[in-house]
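Trainee: Mind looking over this structure? Questions follow.
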Amino acid sequence: MRRLAPRALSVALEGVVREAEPATLLARVQAVWPEVAGLGMSASAAAVSERDGVVTVACESAVWAQELELLGPDLLTRLGEALAVERGRPPGGSVKKLRFVVGSAANQ
C-alpha cells in the first residue's frame, strides 16, 4: 500500500507509547485523571503515588486539597468508571480511596 502523504508522528507513536506505559494502577490513574478531574482541577492536583488501592493526590494548596476532599466520593466513582472502560489495558487493581495532600508532584 502506498501512502499519498506522511502520517503525523503522534499517530505513528500512539501505539508505541501506549505499550511502553507501565501496567500499574498509578499509571492508569494518571492517564485518566485529566478526564476525571477536569482541566482546572488536574492542573492543580495530580496523582503521585498508590499503595494498596489508596491513591495519593498532591494538591498545590490546602484550599484545593479541601475542595477535592469534599468532591472525593464523586471523583472516586468517576475514576472507577473511567478505569473500567479503559480499552486494551490489563486489570491492575482498583482505587479504593483517594487521599489528598498539600504539595507538588516533585515533592512526593
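Letters A, B, ... mark the chains of the C-alpha cells in the order given; residue numbers begin at 1 per chain; ligand numbers begin at 1, in order shown.
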Could you pull the residues within 8 Å of Val54 in chain A, counting only C-alpha atoms, minus those fewer than 5 positions along the same chain, as a list of chain:residue names?
Mentor: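 What passes the distance filter is A:Val95, A:Lys96, A:Lys97, A:Leu98, A:Arg99.
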Trainee: Using only C-alpha atoms, determine which residues lie at most 12 Å from Leu71 in chain A, disregarding the query and same-chain residues fewer than 6 positions distant; provide the list as a PyMOL selection string.
Mentor: chain A and resi 36-37+41+64-65+77-79+98-100
Trainee: Between CA of Glu67 in chain A and CA of Ala45 in chain A, measure the distance and give it in Å to one decimal.
Mentor: 10.9 Å
Trainee: Which residue out of A:Thr24, A:Glu14, A:Glu35, A:Ala8 has the minimum interatomic distance to Ser94 in chain A when only C-alpha atoms are used?
Mentor: A:Thr24
